[in-house]
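Below is entry07.txt, which holds compact mmCIF, C-alpha atoms.
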```
# COMPACT_ATOMS: atom_id res chain seq x y z
CA CYS P 1 -2.08 56.20 -36.76
CA PRO P 2 -1.74 56.15 -32.99
CA THR P 3 0.84 54.17 -31.07
CA TRP P 4 -0.64 51.37 -29.03
CA THR P 5 0.89 50.39 -25.70
CA ARG P 6 -0.15 48.17 -22.86
CA PHE P 7 0.55 47.86 -19.20
CA GLY P 8 0.31 44.21 -18.13
CA SER P 9 1.82 42.37 -21.10
CA ALA P 10 1.48 39.05 -19.30
CA VAL P 11 -2.29 39.58 -19.39
CA ALA P 12 -2.89 40.96 -22.90
CA THR P 13 -1.03 42.07 -26.03
CA VAL P 14 -1.95 44.71 -28.58
CA ASP P 15 -0.73 45.02 -32.17
CA ALA P 16 -0.12 48.13 -34.30
CA ASN P 17 -3.76 48.10 -35.44
CA GLY P 18 -5.17 48.00 -31.92
CA LEU P 19 -6.08 44.32 -31.98
CA VAL P 20 -5.99 43.15 -28.37
CA THR P 21 -5.30 39.48 -27.56
CA ALA P 22 -6.06 38.10 -24.09
CA VAL P 23 -3.13 36.04 -22.81
CA ALA P 24 -3.78 35.16 -19.17
CA PRO P 25 -6.17 36.04 -16.34
CA GLY P 26 -5.62 39.48 -14.78
CA ASN P 27 -5.89 43.18 -15.58
CA ALA P 28 -4.19 45.25 -18.29
CA THR P 29 -4.43 48.82 -19.52
CA ILE P 30 -4.38 49.40 -23.28
CA THR P 31 -3.42 52.93 -24.34
CA ALA P 32 -3.53 54.64 -27.75
CA THR P 33 -1.31 57.71 -28.11
CA THR P 34 -1.30 60.12 -31.07
CA ASN P 35 1.89 60.45 -33.12
CA ASP P 36 1.26 64.01 -34.35
CA GLY P 37 3.02 65.67 -31.41
CA SER P 38 -0.19 66.51 -29.53
CA ASN P 39 0.46 63.62 -27.15
CA LEU P 40 -3.22 62.91 -26.81
CA SER P 41 -4.09 59.47 -25.50
CA ALA P 42 -6.99 57.27 -24.49
CA SER P 43 -6.93 54.16 -22.36
CA CYS P 44 -8.99 51.09 -21.83
CA THR P 45 -8.76 48.91 -18.75
CA LEU P 46 -9.13 45.28 -19.67
CA THR P 47 -9.94 42.38 -17.35
CA VAL P 48 -9.14 38.89 -18.61
CA ASN P 49 -11.04 36.12 -16.85
CA GLN P 50 -10.06 32.50 -16.48
CA PRO P 51 -11.74 30.62 -19.35
CA ILE P 52 -14.68 28.49 -18.28
CA VAL P 53 -14.22 24.81 -19.13
CA LEU P 54 -17.50 22.92 -19.19
CA ALA P 55 -17.81 19.25 -18.36
CA SER P 56 -17.78 17.01 -21.43
CA SER P 57 -18.75 13.79 -19.63
CA ILE P 58 -19.86 12.37 -16.30
CA THR P 59 -19.78 8.69 -15.34
CA LEU P 60 -20.55 6.61 -12.26
CA ASN P 61 -18.50 3.78 -10.77
CA GLN P 62 -21.65 1.59 -11.03
CA THR P 63 -24.67 1.72 -13.32
CA THR P 64 -26.67 -1.04 -11.59
CA ALA P 65 -26.79 -2.21 -8.01
CA GLU P 66 -28.73 -4.72 -5.91
CA LEU P 67 -29.05 -4.05 -2.19
CA ASN P 68 -30.91 -5.50 0.76
CA GLU P 69 -33.04 -3.20 2.87
CA GLY P 70 -30.83 -1.20 5.21
CA GLU P 71 -27.63 -1.64 3.17
CA THR P 72 -25.64 1.27 1.79
CA LEU P 73 -23.65 1.82 -1.39
CA GLN P 74 -21.10 4.56 -2.13
CA LEU P 75 -21.43 5.87 -5.67
CA THR P 76 -18.58 7.93 -7.14
CA ALA P 77 -18.99 10.36 -10.03
CA THR P 78 -16.14 11.22 -12.40
CA VAL P 79 -16.41 14.53 -14.26
CA LEU P 80 -14.17 15.10 -17.29
CA PRO P 81 -12.08 16.79 -18.50
CA ASN P 82 -9.87 17.24 -15.45
CA GLU P 83 -9.72 20.98 -16.22
CA THR P 84 -13.49 21.38 -15.80
CA THR P 85 -14.04 24.68 -13.99
CA ASP P 86 -16.96 23.51 -11.85
CA LYS P 87 -16.79 19.81 -10.99
CA SER P 88 -19.55 19.97 -8.38
CA VAL P 89 -22.56 17.70 -8.83
CA THR P 90 -26.06 17.20 -7.50
CA TRP P 91 -27.44 13.78 -6.51
CA SER P 92 -31.11 12.77 -6.70
CA THR P 93 -33.33 9.71 -6.42
CA SER P 94 -36.42 8.83 -8.41
CA ASN P 95 -38.02 7.12 -5.41
CA ALA P 96 -36.95 8.08 -1.88
CA ALA P 97 -39.31 5.45 -0.45
CA VAL P 98 -37.04 2.79 -1.99
CA ALA P 99 -33.56 4.36 -1.87
CA THR P 100 -32.17 7.69 -0.75
CA VAL P 101 -28.91 9.39 -1.70
CA ASP P 102 -26.98 12.07 0.18
CA SER P 103 -24.93 14.96 -1.22
CA ASN P 104 -21.83 12.73 -1.36
CA GLY P 105 -23.42 9.90 -3.37
CA LEU P 106 -24.05 7.53 -0.44
CA VAL P 107 -27.11 5.44 -1.31
CA THR P 108 -29.23 3.89 1.46
CA ALA P 109 -31.68 1.09 0.65
CA VAL P 110 -34.97 1.85 2.39
CA ALA P 111 -37.58 -0.63 1.16
CA GLN P 112 -38.14 -3.25 -1.51
CA GLY P 113 -38.50 -1.83 -5.02
CA ASN P 114 -36.61 0.03 -7.72
CA ALA P 115 -35.11 3.50 -7.82
CA THR P 116 -32.88 5.44 -10.18
CA ILE P 117 -30.06 7.41 -8.58
CA THR P 118 -28.97 10.29 -10.82
CA VAL P 119 -25.96 12.58 -10.60
CA THR P 120 -25.99 15.84 -12.57
CA THR P 121 -23.24 18.36 -13.25
CA ASN P 122 -23.86 21.81 -11.78
CA ASP P 123 -22.27 23.72 -14.65
CA SER P 124 -24.29 24.70 -17.71
CA SER P 125 -23.41 21.42 -19.46
CA GLU P 126 -26.18 19.78 -17.36
CA LEU P 127 -24.81 16.29 -18.02
CA SER P 128 -26.05 13.34 -15.99
CA ALA P 129 -25.40 9.66 -15.26
CA SER P 130 -27.60 7.13 -13.50
CA CYS P 131 -27.49 3.95 -11.46
CA GLN P 132 -30.48 1.61 -11.41
CA VAL P 133 -30.90 0.36 -7.84
CA THR P 134 -32.96 -2.71 -6.92
CA VAL P 135 -33.74 -3.12 -3.23
CA LYS P 136 -34.73 -6.52 -1.88
CA LYS P 137 -35.84 -7.78 1.47
CA PRO P 138 -33.02 -9.70 3.14
CA ALA P 139 -33.48 -13.47 3.07
CA LEU P 140 -34.75 -15.07 6.24
CA LEU P 141 -32.17 -17.08 8.17
CA GLY P 142 -32.73 -20.68 7.07
CA ASP P 143 -34.77 -19.83 3.97
CA VAL P 144 -32.44 -21.88 1.77
CA ASN P 145 -34.72 -21.92 -1.30
CA LEU P 146 -35.80 -18.26 -0.93
CA ASP P 147 -39.51 -18.99 -0.91
CA GLY P 148 -40.12 -16.56 1.97
CA LYS P 149 -40.45 -19.14 4.72
CA VAL P 150 -38.44 -21.72 6.63
CA ASP P 151 -40.00 -25.16 6.41
CA VAL P 152 -39.32 -28.86 5.80
CA THR P 153 -38.32 -28.11 2.18
CA ASP P 154 -35.30 -26.16 3.45
CA VAL P 155 -34.42 -29.06 5.80
CA ASN P 156 -34.63 -31.52 2.87
CA ILE P 157 -32.29 -29.36 0.77
CA VAL P 158 -29.65 -29.27 3.53
CA VAL P 159 -29.99 -33.04 4.14
CA ASN P 160 -29.58 -33.70 0.40
CA ILE P 161 -26.45 -31.55 0.33
CA ILE P 162 -25.02 -33.51 3.27
CA LEU P 163 -25.85 -36.79 1.50
CA GLY P 164 -24.27 -35.55 -1.74
CA LYS P 165 -27.55 -35.47 -3.64
CA ASP P 166 -27.47 -31.71 -4.18
CA GLN P 167 -24.80 -29.03 -4.51
CA ALA P 168 -24.35 -26.28 -1.92
CA ALA P 169 -23.28 -23.92 -4.71
CA ASN P 170 -26.87 -23.97 -5.98
CA TYR P 171 -27.96 -22.03 -2.87
CA ASP P 172 -25.33 -19.26 -2.72
CA GLY P 173 -24.18 -20.10 0.82
CA ARG P 174 -27.67 -20.14 2.35
CA ALA P 175 -27.45 -23.86 3.23
CA ASP P 176 -24.61 -23.09 5.66
CA VAL P 177 -27.13 -21.73 8.16
CA ASN P 178 -24.63 -21.31 11.03
CA ASN P 179 -21.91 -19.82 8.75
CA SER P 180 -19.38 -22.43 9.84
CA ASP P 181 -18.10 -23.03 6.29
CA ASN P 182 -19.28 -26.62 6.69
CA ILE P 183 -22.76 -27.92 5.96
CA ASP P 184 -23.63 -30.64 8.48
CA VAL P 185 -26.22 -31.83 10.99
CA SER P 186 -25.84 -28.64 13.07
CA ASP P 187 -27.38 -26.71 10.17
CA VAL P 188 -30.29 -29.17 10.11
CA ASN P 189 -30.76 -28.70 13.87
CA ILE P 190 -30.91 -24.92 13.48
CA LEU P 191 -33.54 -25.25 10.74
CA VAL P 192 -35.66 -27.62 12.85
CA ASN P 193 -35.45 -25.23 15.80
CA ILE P 194 -36.51 -22.30 13.59
CA ILE P 195 -39.49 -24.30 12.34
CA LEU P 196 -40.41 -25.26 15.93
CA GLY P 197 -40.04 -21.63 17.04
CA LYS P 198 -37.10 -22.38 19.33
CA ASN P 199 -34.58 -20.22 17.47
```

Encoded form (structure tokens):
Amino acid sequence: CPTWTRFGSAVATVDANGLVTAVAPGNATITATTNDGSNLSASCTLTVNQPIVLASSITLNQTTAELNEGETLQLTATVLPNETTDKSVTWSTSNAAVATVDSNGLVTAVAQGNATITVTTNDSSELSASCQVTVKKPALLGDVNLDGKVDVTDVNIVVNIILGKDQAANYDGRADVNNSDNIDVSDVNILVNIILGKN
């Protein structure tokens, strides 16, 4: 039986039967030398690579989002485990006419509709996660009831809130037309001026 030796024991070990075990990344030389006095030997240069750790999961900080046209949203992908060799990802959109996404996960709402933003791992795990994005047209200033127009109905709602016949909370802040944190006659005046085309 030959004698087995190695140069680079921090990289690989070899037992008496020639079984080589990789220990750490780097290079090692494994040598077998005869024991019969002929001093013949043969060597093998071994390269040990860093083990590749594939992603086991990918998640997004949001799975649904509602945006107005022109608004942006920063999505963040988390790839696990932390030791994943290649944590890079690719972003895509199912409908660029509705929402776009850049290489950093920044979503921009383009037009009313629905789009799915997907992030995919670039390693061979090919895992993905998605966010369903709904894009809406921003409400018109003074369109308290969100019917797409500003008219006497919106004025009546604000007047009823002032008179205590309706609750401002029912309109998600839209009755405070001038954003003064107080719903009063000035909001009614703004609505009337919008209707009359003066504002």

| request: Determine, counting all atoms listed in the file, every residue of protein, DNA or RNA that lies within 10 Å of (-38.6, -21.7, 13.6) in the file coordinates, then give the result as a list in words. | output: Leu141, Gly142, Lys149, Val150, Asp151, Ile190, Leu191, Val192, Asn193, Ile194, Ile195, Leu196, Gly197, Lys198 and Asn199 of chain P

| field | Distance in Å - CA of Leu140 (chain P) versus CA of Arg174 (chain P) | value |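 Computing the Euclidean distance for CA of Leu140 (chain P) and CA of Arg174 (chain P) yields 9.5 Å.
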
List every residue of region 98-178 of chain P that has an atom at most 10 Å from any atom of region 51-55 of chain P, giving for each one its closest atom pair and the distance in Å to one decimal, counting only C-alpha atoms, sorted by chain and then by ascending residue number, as a Markdown table.
```
| residue | atom | partner | partner_atom | distance |
| --- | --- | --- | --- | --- |
| P:Thr121 | CA | P:Ala55 | CA | 7.5 |
| P:Asn122 | CA | P:Ala55 | CA | 9.3 |
| P:Asp123 | CA | P:Leu54 | CA | 6.6 |
| P:Ser124 | CA | P:Leu54 | CA | 7.2 |
| P:Ser125 | CA | P:Leu54 | CA | 6.1 |
| P:Glu126 | CA | P:Ala55 | CA | 8.4 |
| P:Leu127 | CA | P:Ala55 | CA | 7.6 |
```

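Take CA of Ser94 (chain P) and CA of Pro138 (chain P): the distance between them is 22.1 Å.
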
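CA of Gln62 (chain P) sits 14.8 Å away from CA of Asn104 (chain P).
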
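Compared by their closest atoms to Ser103 (chain P), and using only C-alpha atoms, the residues P:Asn82, P:Thr63, P:Ser88, P:Ser56 rank with P:Ser88 nearest.
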
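Proximity of P:Ala99, P:Ala65, P:Ala32, P:Ala24 to Cys131 (chain P), computed with only C-alpha atoms, is greatest for P:Ala65.
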
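Residues with any atom within 10 Å of Asp176 (chain P), counting only C-alpha atoms and excluding same-chain neighbours fewer than 2 positions away, are Leu141, Gly142, Val144, Val158, Ala168, Tyr171, Asp172, Gly173, Arg174, Asn178, Asn179, Ser180, Asp181, Asn182, Ile183, Asp184, Ser186, Asp187 and Val188 of chain P.
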
Using only the atoms of region 171-177 of chain P listed in the file, plus 8 Å on each side, state the axis-aligned box centre and edge lengths in Å rounded to one decimal, as AutoDock Vina command-line options.
```
--center_x -26.1 --center_y -21.6 --center_z 2.6 --size_x 19.8 --size_y 20.6 --size_z 27.0
```

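Proximity of P:Gln132, P:Leu40, P:Ala175, P:Val101 to Ile161 (chain P), computed with only C-alpha atoms, is greatest for P:Ala175.
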
| request: Kindly indicate which residue among P:Gly26, P:Gly70, P:Gly105, P:Pro81 lies nearest to Lys136 (chain P), using all atoms listed in the file for the distances. | output: P:Gly70

| said: Please determine, counting all atoms listed in the file, which residue among P:Leu75, P:Leu80, P:Asp86, P:Asp154 has the shortest atom-to-atom distance to Thr100 (chain P). | reply: P:Leu75

| request: Counting only C-alpha atoms, figure out which residue out of P:Asn35, P:Ser128, P:Thr108, P:Thr47 gets nearest to Val79 (chain P). | output: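 The answer is P:Ser128, which sits nearest to Val79 (chain P).
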
| request: Can you pull out every residue within 6 Å of Val133 (chain P), counting all atoms listed in the file, but drop anything in the same chain fewer than 2 positions away, and send it as a ChimeraX atom specification? | output: /P:64-66,114-116

| Could you pull the residues within 9 Å of Asp102 (chain P), counting only C-alpha atoms, minus those fewer than 4 positions along the same chain, as a PyMOL selection string? | chain P and resi 91-92+106-108

Just region 138-152 of chain P, please, as a PDB file, in the first residue's frame (only all heavy atoms).
```pdb
ATOM      1  N   PRO P 138     -56.663  59.235  -9.233  1.00  0.00           N
ATOM      2  CA  PRO P 138     -56.830  60.000  -7.999  1.00  0.00           C
ATOM      3  C   PRO P 138     -58.194  60.687  -7.982  1.00  0.00           C
ATOM      4  O   PRO P 138     -58.716  61.089  -9.019  1.00  0.00           O
ATOM      5  CB  PRO P 138     -55.685  61.022  -8.040  1.00  0.00           C
ATOM      6  CG  PRO P 138     -55.231  61.064  -9.457  1.00  0.00           C
ATOM      7  CD  PRO P 138     -55.585  59.748 -10.079  1.00  0.00           C
ATOM      8  N   ALA P 139     -58.769  60.779  -6.797  1.00  0.00           N
ATOM      9  CA  ALA P 139     -60.088  61.416  -6.664  1.00  0.00           C
ATOM     10  C   ALA P 139     -59.985  62.895  -7.021  1.00  0.00           C
ATOM     11  O   ALA P 139     -58.980  63.554  -6.749  1.00  0.00           O
ATOM     12  CB  ALA P 139     -60.591  61.264  -5.233  1.00  0.00           C
ATOM     13  N   LEU P 140     -61.020  63.393  -7.639  1.00  0.00           N
ATOM     14  CA  LEU P 140     -61.086  64.819  -7.945  1.00  0.00           C
ATOM     15  C   LEU P 140     -61.223  65.608  -6.643  1.00  0.00           C
ATOM     16  O   LEU P 140     -61.905  65.166  -5.712  1.00  0.00           O
ATOM     17  CB  LEU P 140     -62.316  65.122  -8.809  1.00  0.00           C
ATOM     18  CG  LEU P 140     -62.340  64.562 -10.226  1.00  0.00           C
ATOM     19  CD1 LEU P 140     -63.721  64.757 -10.836  1.00  0.00           C
ATOM     20  CD2 LEU P 140     -61.271  65.237 -11.074  1.00  0.00           C
ATOM     21  N   LEU P 141     -60.579  66.772  -6.581  1.00  0.00           N
ATOM     22  CA  LEU P 141     -60.748  67.643  -5.424  1.00  0.00           C
ATOM     23  C   LEU P 141     -62.224  68.010  -5.319  1.00  0.00           C
ATOM     24  O   LEU P 141     -62.828  68.499  -6.275  1.00  0.00           O
ATOM     25  CB  LEU P 141     -59.911  68.919  -5.580  1.00  0.00           C
ATOM     26  CG  LEU P 141     -60.079  69.950  -4.459  1.00  0.00           C
ATOM     27  CD1 LEU P 141     -59.538  69.385  -3.148  1.00  0.00           C
ATOM     28  CD2 LEU P 141     -59.387  71.250  -4.825  1.00  0.00           C
ATOM     29  N   GLY P 142     -62.827  67.733  -4.179  1.00  0.00           N
ATOM     30  CA  GLY P 142     -64.229  68.056  -3.949  1.00  0.00           C
ATOM     31  C   GLY P 142     -65.195  66.923  -4.260  1.00  0.00           C
ATOM     32  O   GLY P 142     -66.381  67.031  -3.969  1.00  0.00           O
ATOM     33  N   ASP P 143     -64.693  65.840  -4.851  1.00  0.00           N
ATOM     34  CA  ASP P 143     -65.560  64.692  -5.145  1.00  0.00           C
ATOM     35  C   ASP P 143     -65.686  63.857  -3.875  1.00  0.00           C
ATOM     36  O   ASP P 143     -65.081  62.803  -3.721  1.00  0.00           O
ATOM     37  CB  ASP P 143     -64.970  63.867  -6.296  1.00  0.00           C
ATOM     38  CG  ASP P 143     -65.887  62.717  -6.710  1.00  0.00           C
ATOM     39  OD1 ASP P 143     -67.054  62.695  -6.278  1.00  0.00           O
ATOM     40  OD2 ASP P 143     -65.409  61.850  -7.459  1.00  0.00           O
ATOM     41  N   VAL P 144     -66.498  64.341  -2.952  1.00  0.00           N
ATOM     42  CA  VAL P 144     -66.608  63.753  -1.620  1.00  0.00           C
ATOM     43  C   VAL P 144     -67.154  62.325  -1.679  1.00  0.00           C
ATOM     44  O   VAL P 144     -66.696  61.436  -0.971  1.00  0.00           O
ATOM     45  CB  VAL P 144     -67.485  64.633  -0.706  1.00  0.00           C
ATOM     46  CG1 VAL P 144     -67.609  64.031   0.689  1.00  0.00           C
ATOM     47  CG2 VAL P 144     -66.917  66.054  -0.623  1.00  0.00           C
ATOM     48  N   ASN P 145     -68.132  62.080  -2.552  1.00  0.00           N
ATOM     49  CA  ASN P 145     -68.762  60.755  -2.615  1.00  0.00           C
ATOM     50  C   ASN P 145     -68.150  59.846  -3.685  1.00  0.00           C
ATOM     51  O   ASN P 145     -68.656  58.761  -3.946  1.00  0.00           O
ATOM     52  CB  ASN P 145     -70.271  60.881  -2.828  1.00  0.00           C
ATOM     53  CG  ASN P 145     -70.610  61.557  -4.148  1.00  0.00           C
ATOM     54  OD1 ASN P 145     -69.739  62.045  -4.860  1.00  0.00           O
ATOM     55  ND2 ASN P 145     -71.896  61.593  -4.462  1.00  0.00           N
ATOM     56  N   LEU P 146     -67.062  60.294  -4.309  1.00  0.00           N
ATOM     57  CA  LEU P 146     -66.314  59.504  -5.294  1.00  0.00           C
ATOM     58  C   LEU P 146     -67.177  58.993  -6.447  1.00  0.00           C
ATOM     59  O   LEU P 146     -67.026  57.856  -6.908  1.00  0.00           O
ATOM     60  CB  LEU P 146     -65.616  58.317  -4.608  1.00  0.00           C
ATOM     61  CG  LEU P 146     -64.507  58.659  -3.610  1.00  0.00           C
ATOM     62  CD1 LEU P 146     -63.929  57.393  -3.004  1.00  0.00           C
ATOM     63  CD2 LEU P 146     -63.408  59.482  -4.274  1.00  0.00           C
ATOM     64  N   ASP P 147     -68.051  59.863  -6.943  1.00  0.00           N
ATOM     65  CA  ASP P 147     -68.855  59.457  -8.093  1.00  0.00           C
ATOM     66  C   ASP P 147     -68.270  59.986  -9.404  1.00  0.00           C
ATOM     67  O   ASP P 147     -68.892  59.903 -10.464  1.00  0.00           O
ATOM     68  CB  ASP P 147     -70.314  59.909  -7.936  1.00  0.00           C
ATOM     69  CG  ASP P 147     -70.470  61.424  -7.917  1.00  0.00           C
ATOM     70  OD1 ASP P 147     -69.443  62.139  -7.919  1.00  0.00           O
ATOM     71  OD2 ASP P 147     -71.626  61.895  -7.874  1.00  0.00           O
ATOM     72  N   GLY P 148     -67.069  60.563  -9.335  1.00  0.00           N
ATOM     73  CA  GLY P 148     -66.382  61.022 -10.545  1.00  0.00           C
ATOM     74  C   GLY P 148     -66.702  62.443 -10.951  1.00  0.00           C
ATOM     75  O   GLY P 148     -66.226  62.915 -11.981  1.00  0.00           O
ATOM     76  N   LYS P 149     -67.473  63.143 -10.143  1.00  0.00           N
ATOM     77  CA  LYS P 149     -67.796  64.535 -10.468  1.00  0.00           C
ATOM     78  C   LYS P 149     -68.032  65.317  -9.181  1.00  0.00           C
ATOM     79  O   LYS P 149     -68.288  64.742  -8.123  1.00  0.00           O
ATOM     80  CB  LYS P 149     -69.021  64.614 -11.378  1.00  0.00           C
ATOM     81  CG  LYS P 149     -70.291  64.008 -10.784  1.00  0.00           C
ATOM     82  CD  LYS P 149     -71.416  64.013 -11.812  1.00  0.00           C
ATOM     83  CE  LYS P 149     -72.707  63.450 -11.269  1.00  0.00           C
ATOM     84  NZ  LYS P 149     -72.708  62.035 -10.995  1.00  0.00           N
ATOM     85  N   VAL P 150     -67.923  66.641  -9.297  1.00  0.00           N
ATOM     86  CA  VAL P 150     -68.207  67.516  -8.164  1.00  0.00           C
ATOM     87  C   VAL P 150     -69.524  68.225  -8.470  1.00  0.00           C
ATOM     88  O   VAL P 150     -69.635  68.938  -9.464  1.00  0.00           O
ATOM     89  CB  VAL P 150     -67.075  68.551  -7.952  1.00  0.00           C
ATOM     90  CG1 VAL P 150     -67.387  69.442  -6.760  1.00  0.00           C
ATOM     91  CG2 VAL P 150     -65.742  67.839  -7.752  1.00  0.00           C
ATOM     92  N   ASP P 151     -70.518  67.971  -7.611  1.00  0.00           N
ATOM     93  CA  ASP P 151     -71.830  68.563  -7.859  1.00  0.00           C
ATOM     94  C   ASP P 151     -72.529  68.852  -6.533  1.00  0.00           C
ATOM     95  O   ASP P 151     -71.930  68.756  -5.459  1.00  0.00           O
ATOM     96  CB  ASP P 151     -72.682  67.649  -8.764  1.00  0.00           C
ATOM     97  CG  ASP P 151     -72.874  66.247  -8.189  1.00  0.00           C
ATOM     98  OD1 ASP P 151     -72.618  66.041  -6.980  1.00  0.00           O
ATOM     99  OD2 ASP P 151     -73.269  65.359  -8.949  1.00  0.00           O
ATOM    100  N   VAL P 152     -73.813  69.183  -6.614  1.00  0.00           N
ATOM    101  CA  VAL P 152     -74.587  69.580  -5.439  1.00  0.00           C
ATOM    102  C   VAL P 152     -74.663  68.456  -4.402  1.00  0.00           C
ATOM    103  O   VAL P 152     -74.802  68.715  -3.206  1.00  0.00           O
ATOM    104  CB  VAL P 152     -75.996  70.072  -5.857  1.00  0.00           C
ATOM    105  CG1 VAL P 152     -76.851  68.924  -6.364  1.00  0.00           C
ATOM    106  CG2 VAL P 152     -76.675  70.812  -4.712  1.00  0.00           C
TER     107      VAL P 152
END
```
